[in-house]
$ cat upload01.csv   # CSV, C-alpha atoms
chain,number,residue,atom,x,y,z
A,1,MET,CA,120.6,177.4,112.3
A,2,ALA,CA,117.6,178.8,110.5
A,3,HIS,CA,118.6,176.8,107.5
A,4,PHE,CA,118.8,173.6,109.6
A,5,THR,CA,115.3,173.9,111.1
A,6,LYS,CA,113.9,174.6,107.6
A,7,LYS,CA,115.3,171.3,106.3
A,8,SER,CA,114.0,169.2,109.2
A,9,LYS,CA,110.5,170.6,108.7
A,10,ALA,CA,110.4,169.1,105.2
A,11,LYS,CA,108.2,166.1,105.5
A,12,PRO,CA,109.7,162.9,104.0
A,13,GLU,CA,106.8,160.7,102.9
A,14,ILE,CA,106.8,157.0,102.1
A,15,SER,CA,105.2,156.5,98.7
A,16,THR,CA,102.0,154.5,99.1
A,17,ALA,CA,101.4,154.3,95.4
A,18,SER,CA,102.7,150.7,95.2
A,19,LEU,CA,100.7,149.5,98.2
A,20,PRO,CA,97.7,148.4,96.2
A,21,ASP,CA,100.0,146.4,93.9
A,22,ILE,CA,101.6,144.6,96.8
A,23,ILE,CA,98.2,143.8,98.3
A,24,PHE,CA,96.9,142.6,94.9
A,25,MET,CA,99.9,140.3,94.6
A,26,LEU,CA,99.1,138.7,98.0
A,27,LEU,CA,95.4,138.6,97.1
A,28,ILE,CA,96.1,136.8,93.9
A,29,PHE,CA,98.3,134.3,95.7
A,30,PHE,CA,95.6,133.4,98.2
A,31,MET,CA,92.9,133.3,95.5
A,32,VAL,CA,95.0,130.8,93.5
A,33,THR,CA,95.9,128.6,96.5
A,34,THR,CA,92.4,128.6,98.0
A,35,VAL,CA,90.5,125.3,97.2
A,36,LEU,CA,86.9,126.0,97.9
A,37,ARG,CA,85.7,122.4,97.6
A,38,GLU,CA,87.4,119.5,95.9
A,39,GLN,CA,84.8,116.9,95.9
A,40,GLU,CA,81.2,116.6,97.0
A,41,VAL,CA,81.3,113.8,99.5
A,42,GLN,CA,78.1,111.9,99.3
A,43,VAL,CA,78.6,109.7,102.3
A,44,ARG,CA,78.8,110.6,105.9
A,45,THR,CA,82.3,110.3,107.4
A,46,ILE,CA,82.7,111.0,111.0
A,47,LEU,CA,86.3,110.0,111.5
A,48,PRO,CA,87.4,107.9,114.5
A,49,GLN,CA,89.8,109.4,117.1
A,50,ALA,CA,93.3,108.1,117.6
A,51,GLU,CA,96.6,109.0,119.2
A,52,ALA,CA,99.3,107.4,117.1
A,53,LEU,CA,98.8,109.7,114.1
A,54,THR,CA,101.2,110.5,111.3
A,55,LYS,CA,100.8,113.4,109.0
A,56,ILE,CA,100.8,112.9,105.2
A,57,GLU,CA,102.8,115.8,104.0
A,58,GLN,CA,102.9,114.9,100.4
A,59,LYS,CA,99.4,115.7,99.5
A,60,ARG,CA,99.8,115.0,95.8
A,61,TYR,CA,100.4,111.2,96.5
A,62,VAL,CA,97.1,110.9,98.4
A,63,SER,CA,94.0,109.5,97.0
A,64,TYR,CA,90.9,109.3,99.1
A,65,ILE,CA,88.3,106.5,99.5
A,66,TRP,CA,85.3,107.5,101.6
A,67,MET,CA,83.2,104.9,103.3
A,68,GLY,CA,80.1,105.5,105.3
A,69,PRO,CA,76.4,105.6,105.3
A,70,GLU,CA,75.0,107.5,102.3
A,71,LYS,CA,73.6,110.9,102.9
A,72,LEU,CA,70.0,111.2,102.1
A,73,ARG,CA,67.6,114.1,102.1
A,74,GLY,CA,67.5,116.0,105.4
A,75,ASN,CA,69.6,114.4,108.1
A,76,ALA,CA,68.7,110.8,107.2
A,77,VAL,CA,71.4,108.3,106.3
A,78,GLY,CA,71.1,105.2,104.2
A,79,ASP,CA,73.2,102.1,103.6
A,80,THR,CA,77.0,102.1,103.9
A,81,LYS,CA,78.5,103.0,100.5
A,82,VAL,CA,82.0,103.5,99.1
A,83,GLN,CA,82.9,106.7,97.2
A,84,ILE,CA,86.0,107.4,95.2
A,85,ASP,CA,86.4,110.8,93.6
A,86,ASP,CA,83.0,112.0,92.7
A,87,ALA,CA,81.2,108.7,92.2
A,88,VAL,CA,79.6,106.2,94.6
A,89,ILE,CA,80.9,102.7,93.8
A,90,ASP,CA,78.1,100.1,93.8
A,91,ASP,CA,80.2,97.2,92.5
A,92,LEU,CA,83.2,96.9,94.8
A,93,THR,CA,85.2,95.0,92.2
A,94,ASN,CA,85.5,98.2,90.2
A,95,ILE,CA,87.8,99.6,92.9
A,96,ARG,CA,90.5,97.3,91.6
A,97,SER,CA,90.7,98.9,88.1
A,98,ILE,CA,90.2,102.4,89.4
A,99,MET,CA,93.0,102.1,91.9
A,100,TYR,CA,95.3,100.3,89.5
A,101,ARG,CA,94.9,103.2,87.1
A,102,LYS,CA,95.7,105.7,89.8
A,103,LEU,CA,98.7,103.7,90.8
A,104,THR,CA,100.1,103.7,87.3
A,105,GLU,CA,99.7,107.5,87.2
A,106,GLN,CA,101.3,107.9,90.7
A,107,PRO,CA,103.5,105.0,91.7
A,108,ARG,CA,104.0,106.4,95.2
A,109,LEU,CA,100.3,106.5,95.8
A,110,ILE,CA,99.0,106.5,99.4
A,111,VAL,CA,95.3,105.6,99.8
A,112,SER,CA,93.7,107.5,102.6
A,113,LEU,CA,90.6,105.6,103.9
A,114,ARG,CA,88.1,108.0,105.4
A,115,VAL,CA,85.8,105.6,107.1
A,116,ASP,CA,82.9,106.6,109.3
A,117,GLU,CA,83.4,105.5,112.8
A,118,GLU,CA,80.1,103.6,113.0
A,119,SER,CA,81.0,101.4,110.0
A,120,GLU,CA,81.6,97.7,110.3
A,121,MET,CA,84.8,95.9,109.3
A,122,GLY,CA,83.1,93.9,106.6
A,123,ILE,CA,83.2,96.7,104.0
A,124,VAL,CA,86.7,97.8,105.0
A,125,THR,CA,88.0,94.2,104.6
A,126,ASP,CA,86.4,94.1,101.2
A,127,VAL,CA,88.1,97.3,100.1
A,128,HIS,CA,91.4,96.0,101.6
A,129,GLY,CA,91.0,92.9,99.4
A,130,GLU,CA,90.4,95.1,96.3
A,131,LEU,CA,93.4,97.4,97.1
A,132,ARG,CA,95.6,94.4,97.5
A,133,LYS,CA,94.5,93.1,94.1
A,134,ALA,CA,95.3,96.5,92.6
A,135,GLY,CA,98.7,96.6,94.3
A,136,THR,CA,98.0,99.9,96.2
A,137,LEU,CA,99.4,98.7,99.5
A,138,ARG,CA,100.2,102.0,101.2
A,139,ILE,CA,97.2,103.0,103.1
A,140,SER,CA,96.3,105.3,105.9
A,141,TYR,CA,93.3,105.2,108.2
A,142,SER,CA,92.3,108.9,108.4
A,143,SER,CA,91.6,109.8,112.0
A,144,ARG,CA,91.2,112.8,114.2
A,145,ARG,CA,93.4,113.6,117.1
A,146,ASP,CA,92.0,112.3,120.4
A,147,ILE,CA,91.3,115.5,122.4
A,148,SER,CA,90.2,113.8,125.6
A,149,ASN,CA,93.7,112.3,126.3
A,150,MET,CA,95.7,115.5,125.9
F,151,MET,CA,80.4,176.7,74.0
F,152,GLY,CA,78.9,175.4,77.2
F,153,ILE,CA,79.5,171.8,76.3
F,154,LEU,CA,83.1,172.5,75.5
F,155,ALA,CA,83.6,174.1,78.9
F,156,LYS,CA,82.1,171.0,80.6
F,157,LYS,CA,84.4,168.7,78.7
F,158,LYS,CA,87.4,170.7,79.7
F,159,LYS,CA,86.4,170.4,83.4
F,160,ARG,CA,86.1,166.6,83.1
F,161,ALA,CA,89.5,166.0,81.6
F,162,GLY,CA,91.1,166.8,84.9
F,163,ALA,CA,88.9,164.5,87.0
F,164,GLU,CA,90.6,161.4,88.4
F,165,ILE,CA,89.2,158.2,90.0
F,166,PRO,CA,90.4,158.3,93.6
F,167,THR,CA,92.8,155.3,94.1
F,168,SER,CA,93.4,155.8,97.8
F,169,SER,CA,90.6,153.3,98.7
F,170,MET,CA,91.9,150.7,96.3
F,171,ALA,CA,94.3,149.4,99.0
F,172,ASP,CA,91.4,149.1,101.4
F,173,ILE,CA,89.3,147.1,99.0
F,174,ALA,CA,92.1,144.8,98.2
F,175,PHE,CA,92.8,144.4,101.9
F,176,LEU,CA,89.2,143.4,102.5
F,177,LEU,CA,89.4,140.7,99.7
F,178,LEU,CA,92.7,139.6,101.0
F,179,ILE,CA,91.3,139.0,104.5
F,180,PHE,CA,88.4,137.1,103.1
F,181,PHE,CA,90.7,134.7,101.3
F,182,LEU,CA,93.0,134.4,104.3
F,183,VAL,CA,90.1,133.4,106.4
F,184,THR,CA,88.6,130.9,104.0
F,185,THR,CA,91.8,129.2,103.1
F,186,THR,CA,92.3,125.9,104.9
F,187,ILE,CA,95.7,124.4,104.7
F,188,ASP,CA,94.6,121.1,106.2
F,189,VAL,CA,96.9,118.2,106.6
F,190,ASP,CA,95.5,114.8,106.5
F,191,THR,CA,96.4,112.8,109.6
F,192,GLY,CA,95.9,109.1,110.0
F,193,ILE,CA,97.3,105.8,111.1
F,194,GLY,CA,99.6,104.5,108.3
F,195,MET,CA,99.6,100.8,107.3
F,196,THR,CA,101.1,98.7,104.6
F,197,LEU,CA,98.8,96.0,103.3
F,198,PRO,CA,100.3,92.6,102.7
F,199,PRO,CA,100.6,91.8,98.9
F,200,GLU,CA,98.0,89.7,97.3
F,201,PRO,CA,98.6,86.0,98.3
F,202,ASP,CA,100.3,84.0,95.6
F,203,GLU,CA,99.4,80.3,95.5
F,204,THR,CA,102.9,79.3,94.4
F,205,THR,CA,104.8,81.2,97.1
F,206,PRO,CA,103.2,80.7,100.5
F,207,PRO,CA,103.7,83.4,103.1
F,208,PRO,CA,106.9,83.0,105.2
F,209,PRO,CA,106.2,80.9,108.3
F,210,VAL,CA,106.2,82.8,111.6
F,211,ALA,CA,107.0,80.9,114.8
F,212,ASP,CA,104.0,80.8,117.1
F,213,ARG,CA,105.9,82.6,119.9
F,214,ASN,CA,106.8,85.5,117.6
F,215,MET,CA,103.2,86.1,116.7
F,216,LEU,CA,101.1,88.1,119.0
F,217,LYS,CA,97.5,87.4,118.0
F,218,ILE,CA,94.8,90.0,118.6
F,219,LEU,CA,91.3,88.9,117.7
F,220,ILE,CA,88.3,91.2,117.9
F,221,ASN,CA,84.9,89.6,117.4
F,222,ALA,CA,81.5,91.0,116.3
F,223,GLN,CA,80.5,91.9,119.8
F,224,GLY,CA,83.6,93.9,120.3
F,225,GLN,CA,85.3,91.5,122.7
F,226,VAL,CA,89.1,91.2,122.5
F,227,LEU,CA,91.0,88.0,122.6
F,228,LEU,CA,94.7,88.5,123.2
F,229,GLU,CA,96.8,85.3,122.6
F,230,ASP,CA,93.5,83.3,123.1
F,231,LEU,CA,92.8,84.9,126.4
F,232,PRO,CA,89.9,87.3,127.0
F,233,SER,CA,91.2,90.8,127.4
F,234,SER,CA,90.4,94.4,126.7
F,235,VAL,CA,91.7,97.2,124.4
F,236,ALA,CA,93.4,98.9,127.3
F,237,GLN,CA,95.7,95.9,127.9
F,238,ILE,CA,96.9,95.7,124.3
F,239,ARG,CA,99.6,98.4,124.7
F,240,ASN,CA,101.5,96.7,127.5
F,241,GLU,CA,101.1,93.3,126.0
F,242,VAL,CA,102.6,94.5,122.7
F,243,MET,CA,105.5,96.2,124.5
F,244,THR,CA,106.4,93.0,126.5
F,245,HIS,CA,106.1,91.0,123.4
F,246,VAL,CA,108.4,93.1,121.3
F,247,GLN,CA,110.9,93.8,124.1
F,248,ASN,CA,111.1,90.2,125.3
F,249,ASN,CA,114.3,89.2,123.5
F,250,GLY,CA,113.7,85.5,124.1
F,251,ALA,CA,113.4,85.8,127.9
F,252,ASP,CA,109.9,84.5,128.2
F,253,ALA,CA,109.0,81.5,126.1
F,254,ARG,CA,105.5,82.9,125.5
F,255,TYR,CA,106.8,86.1,123.9
F,256,SER,CA,109.0,86.8,120.9
F,257,ASP,CA,112.6,85.7,120.2
F,258,SER,CA,113.8,89.2,119.2
F,259,PRO,CA,112.3,92.5,118.3
F,260,GLY,CA,113.1,91.9,114.6
F,261,LYS,CA,111.0,88.7,114.5
F,262,ALA,CA,108.1,90.0,116.6
F,263,VAL,CA,104.9,90.2,114.6
F,264,VAL,CA,101.6,91.6,115.8
F,265,SER,CA,98.6,90.1,114.0
F,266,ILE,CA,95.1,91.6,114.1
F,267,LYS,CA,92.1,89.7,113.1
F,268,THR,CA,88.6,91.0,112.9
F,269,ASP,CA,85.2,89.8,112.1
F,270,ARG,CA,83.0,91.2,109.3
F,271,LEU,CA,80.7,92.7,112.0
F,272,THR,CA,83.5,94.2,114.2
F,273,PRO,CA,82.9,97.9,114.7
F,274,TYR,CA,85.4,99.9,112.7
F,275,ASN,CA,85.9,102.2,115.7
F,276,LEU,CA,87.2,99.4,117.8
F,277,TYR,CA,89.6,98.3,115.1
F,278,ILE,CA,91.1,101.8,115.0
F,279,GLN,CA,91.4,101.8,118.8
F,280,THR,CA,93.2,98.5,118.6
F,281,LEU,CA,95.5,99.6,115.8
F,282,ASP,CA,96.1,102.8,117.7
F,283,GLU,CA,97.2,101.0,120.9
F,284,VAL,CA,99.5,98.7,118.9
F,285,TRP,CA,101.2,101.7,117.2
F,286,MET,CA,101.4,103.6,120.5
F,287,ALA,CA,103.2,100.7,122.0
F,288,TYR,CA,105.8,101.0,119.2
F,289,PHE,CA,106.0,104.7,119.6
F,290,GLU,CA,106.7,104.3,123.3
F,291,ILE,CA,109.5,101.8,122.6
F,292,TRP,CA,110.9,104.2,120.0
F,293,ASP,CA,110.7,107.1,122.4
F,294,THR,CA,112.6,105.1,125.1
F,295,GLU,CA,115.3,104.3,122.5
F,296,ALA,CA,115.5,107.9,121.3
F,297,ARG,CA,115.9,109.1,124.9
F,298,SER,CA,118.8,106.7,125.5
F,299,MET,CA,120.5,108.2,122.4
F,300,GLY,CA,120.1,111.7,123.9
F,301,PHE,CA,117.1,112.9,122.0
F,302,ALA,CA,114.0,114.3,123.7
F,303,SER,CA,111.7,112.0,121.8
F,304,TYR,CA,111.4,109.8,118.7
F,305,VAL,CA,109.9,112.6,116.7
F,306,GLU,CA,112.9,114.8,117.4
F,307,TYR,CA,115.2,111.9,116.4
F,308,ARG,CA,113.4,111.5,113.1
F,309,ALA,CA,113.5,115.2,112.4
F,310,ASP,CA,117.2,115.1,113.0
F,311,LEU,CA,117.8,112.4,110.4
F,312,GLU,CA,119.4,113.4,107.2
F,313,ASP,CA,118.2,110.3,105.3
F,314,PRO,CA,114.8,109.0,106.5
F,315,SER,CA,115.6,105.6,105.2
F,316,GLU,CA,118.5,105.2,107.6
F,317,ASN,CA,116.4,105.2,110.7
F,318,GLU,CA,118.4,103.2,113.2
F,319,ILE,CA,115.6,103.0,115.8
F,320,ARG,CA,113.1,101.6,113.3
F,321,ASP,CA,115.7,99.1,112.0
F,322,LYS,CA,116.3,97.9,115.6
F,323,TRP,CA,112.6,97.9,116.5
F,324,PRO,CA,110.7,97.3,113.3
F,325,ALA,CA,107.0,97.7,113.6
F,326,GLN,CA,105.5,94.6,112.0
F,327,VAL,CA,101.7,94.8,112.2
F,328,SER,CA,99.8,92.4,110.0
F,329,LEU,CA,96.2,91.9,109.2
F,330,ALA,CA,95.2,88.3,109.2
F,331,GLU,CA,93.6,86.9,106.1
F,332,PRO,CA,89.8,87.1,106.3
F,333,ASP,CA,88.1,83.8,106.7
F,334,PRO,CA,86.8,82.6,103.3
F,335,GLY,CA,83.1,82.4,102.8
F,336,ASN,CA,82.3,84.2,106.1
$ encode --input "upload01.csv" --output "structure tokens"
Amino acid sequence: MAHFTKKSKAKPEISTASLPDIIFMLLIFFMVTTVLREQEVQVRTILPQAEALTKIEQKRYVSYIWMGPEKLRGNAVGDTKVQIDDAVIDDLTNIRSIMYRKLTEQPRLIVSLRVDEESEMGIVTDVHGELRKAGTLRISYSSRRDISNM
Amino acid sequence: MGILAKKKKRAGAEIPTSSMADIAFLLLIFFLVTTTIDVDTGIGMTLPPEPDETTPPPPVADRNMLKILINAQGQVLLEDLPSSVAQIRNEVMTHVQNNGADARYSDSPGKAVVSIKTDRLTPYNLYIQTLDEVWMAYFEIWDTEARSMGFASYVEYRADLEDPSENEIRDKWPAQVSLAEPDPGN
């Protein structure tokens, strides 16, 4: 009996020596997957609200086009501009060649139009025309979920 | 001799590693919080291909085409009648589900086309609302169809599909939303 109690008193301990390694692994995973900021958006895009939304799961197919009033110093906004990647496009006919090049790199390209809700259809129609000329026909009007109707 | 003694003492010293896990945890929590796995949501559309002069677009019978016109002032014209955004959903549903019953609406769901035309000065917000209503009409039709097949909703039916291209509901009720050609020189 004495022998039994002695044995139960021996404290079995879980080794914590590998704990930092496990945590570091997780840390490195999150550091690698974190995207701090992809692009500096130079135009204001407050997205419109909608209900009939679909998710774009395959993010690698997506290419963004921003449209909205240009952000100026302070809170002021200027004229409506179009931005692709990091550059503001002044001549809209350039969109054709840019998007065509992107389409050859990714044939299943989806163009996500992030248009400010206060824009007018004119510029959107112009971009549509350029996209049709480039052959990038799959588009998505990026919108937020309508909270008021839920 | 004194120096040597000091050296000997230091040889046994170790950096405490017990706090290592805490530091790593702190960093981990920072990255967990800052990571955003955001999914882009939006209304999907397929643009019509660039018009070809040699091959004109296929003719669509007038009754199969539901015309929605939004002008610069934000007024809605549904089949040439003044209307509002709120009425679009019901109108699209009657149009698609008509099956030739009413001469003003479509022959069959497969032939029904919804056409949206805008002006250069139409607010983009209104265009999205219109598009949203049109798509919601189709979603409601698909939901009804999915429920008759024993699913809770269309989303559940689609999640149940093995091959997304064999979507029976979408084959039966194809969503054909088209953007009208912009007026030249406008």
$ interface_residues --input "upload01.csv" --of "chain A" --to "chain F" --cutoff "7 Å" --atoms "only C-alpha atoms" --output "PDB file with C-alpha atoms, keeping the file's coordinate frame"
ATOM      1  CA  LEU A  19     100.700 149.500  98.200  1.00  0.00           C
ATOM      2  CA  PRO A  20      97.700 148.400  96.200  1.00  0.00           C
ATOM      3  CA  ILE A  23      98.200 143.800  98.300  1.00  0.00           C
ATOM      4  CA  PHE A  24      96.900 142.600  94.900  1.00  0.00           C
ATOM      5  CA  LEU A  27      95.400 138.600  97.100  1.00  0.00           C
ATOM      6  CA  PHE A  30      95.600 133.400  98.200  1.00  0.00           C
ATOM      7  CA  MET A  31      92.900 133.300  95.500  1.00  0.00           C
ATOM      8  CA  THR A  34      92.400 128.600  98.000  1.00  0.00           C
ATOM      9  CA  PRO A  48      87.400 107.900 114.500  1.00  0.00           C
ATOM     10  CA  ALA A  50      93.300 108.100 117.600  1.00  0.00           C
ATOM     11  CA  GLU A  51      96.600 109.000 119.200  1.00  0.00           C
ATOM     12  CA  ALA A  52      99.300 107.400 117.100  1.00  0.00           C
ATOM     13  CA  LEU A  53      98.800 109.700 114.100  1.00  0.00           C
ATOM     14  CA  THR A  54     101.200 110.500 111.300  1.00  0.00           C
ATOM     15  CA  LYS A  55     100.800 113.400 109.000  1.00  0.00           C
ATOM     16  CA  ILE A  56     100.800 112.900 105.200  1.00  0.00           C
ATOM     17  CA  GLU A  57     102.800 115.800 104.000  1.00  0.00           C
ATOM     18  CA  GLU A 117      83.400 105.500 112.800  1.00  0.00           C
ATOM     19  CA  GLU A 118      80.100 103.600 113.000  1.00  0.00           C
ATOM     20  CA  SER A 119      81.000 101.400 110.000  1.00  0.00           C
ATOM     21  CA  GLU A 120      81.600  97.700 110.300  1.00  0.00           C
ATOM     22  CA  MET A 121      84.800  95.900 109.300  1.00  0.00           C
ATOM     23  CA  GLY A 122      83.100  93.900 106.600  1.00  0.00           C
ATOM     24  CA  ARG A 132      95.600  94.400  97.500  1.00  0.00           C
ATOM     25  CA  LYS A 133      94.500  93.100  94.100  1.00  0.00           C
ATOM     26  CA  GLY A 135      98.700  96.600  94.300  1.00  0.00           C
ATOM     27  CA  LEU A 137      99.400  98.700  99.500  1.00  0.00           C
ATOM     28  CA  ARG A 138     100.200 102.000 101.200  1.00  0.00           C
ATOM     29  CA  ILE A 139      97.200 103.000 103.100  1.00  0.00           C
ATOM     30  CA  SER A 140      96.300 105.300 105.900  1.00  0.00           C
ATOM     31  CA  TYR A 141      93.300 105.200 108.200  1.00  0.00           C
ATOM     32  CA  SER A 142      92.300 108.900 108.400  1.00  0.00           C
ATOM     33  CA  SER A 143      91.600 109.800 112.000  1.00  0.00           C
ATOM     34  CA  ARG A 144      91.200 112.800 114.200  1.00  0.00           C
TER      35      ARG A 144
END
$ atom_distance --input "upload01.csv" --atom1 "CA of Asp85 in chain A" --atom2 "CA of Ile65 in chain A"
7.5 Å
$ atom_distance --input "upload01.csv" --atom1 "CA of Gln42 in chain A" --atom2 "CA of Gln83 in chain A"
7.4 Å
$ atom_distance --input "upload01.csv" --atom1 "CA of Gln225 in chain F" --atom2 "CA of Arg213 in chain F"
22.6 Å
$ residues_around --input "upload01.csv" --residues "range 247-254 of chain F" --least-positions-apart "3" --cutoff "9 Å" --atoms "all atoms listed in the file" --output "ChimeraX atom specification"
/F:212-214,242-244,257-259,262,291,323
$ write_last_selection --input "upload01.csv" --atoms "C-alpha atoms" --output "PDB file, in the coordinates of the input"
ATOM      1  CA  ASP F 212     104.000  80.800 117.100  1.00  0.00           C
ATOM      2  CA  ARG F 213     105.900  82.600 119.900  1.00  0.00           C
ATOM      3  CA  ASN F 214     106.800  85.500 117.600  1.00  0.00           C
ATOM      4  CA  VAL F 242     102.600  94.500 122.700  1.00  0.00           C
ATOM      5  CA  MET F 243     105.500  96.200 124.500  1.00  0.00           C
ATOM      6  CA  THR F 244     106.400  93.000 126.500  1.00  0.00           C
ATOM      7  CA  ASP F 257     112.600  85.700 120.200  1.00  0.00           C
ATOM      8  CA  SER F 258     113.800  89.200 119.200  1.00  0.00           C
ATOM      9  CA  PRO F 259     112.300  92.500 118.300  1.00  0.00           C
ATOM     10  CA  ALA F 262     108.100  90.000 116.600  1.00  0.00           C
ATOM     11  CA  ILE F 291     109.500 101.800 122.600  1.00  0.00           C
ATOM     12  CA  TRP F 323     112.600  97.900 116.500  1.00  0.00           C
TER      13      TRP F 323
END
$ residues_around --input "upload01.csv" --residues "Val43 in chain A" --least-positions-apart "5" --cutoff "12 Å" --atoms "all atoms listed in the file" --output "ChimeraX atom specification"
/A:65-73,75-89,114-116,119
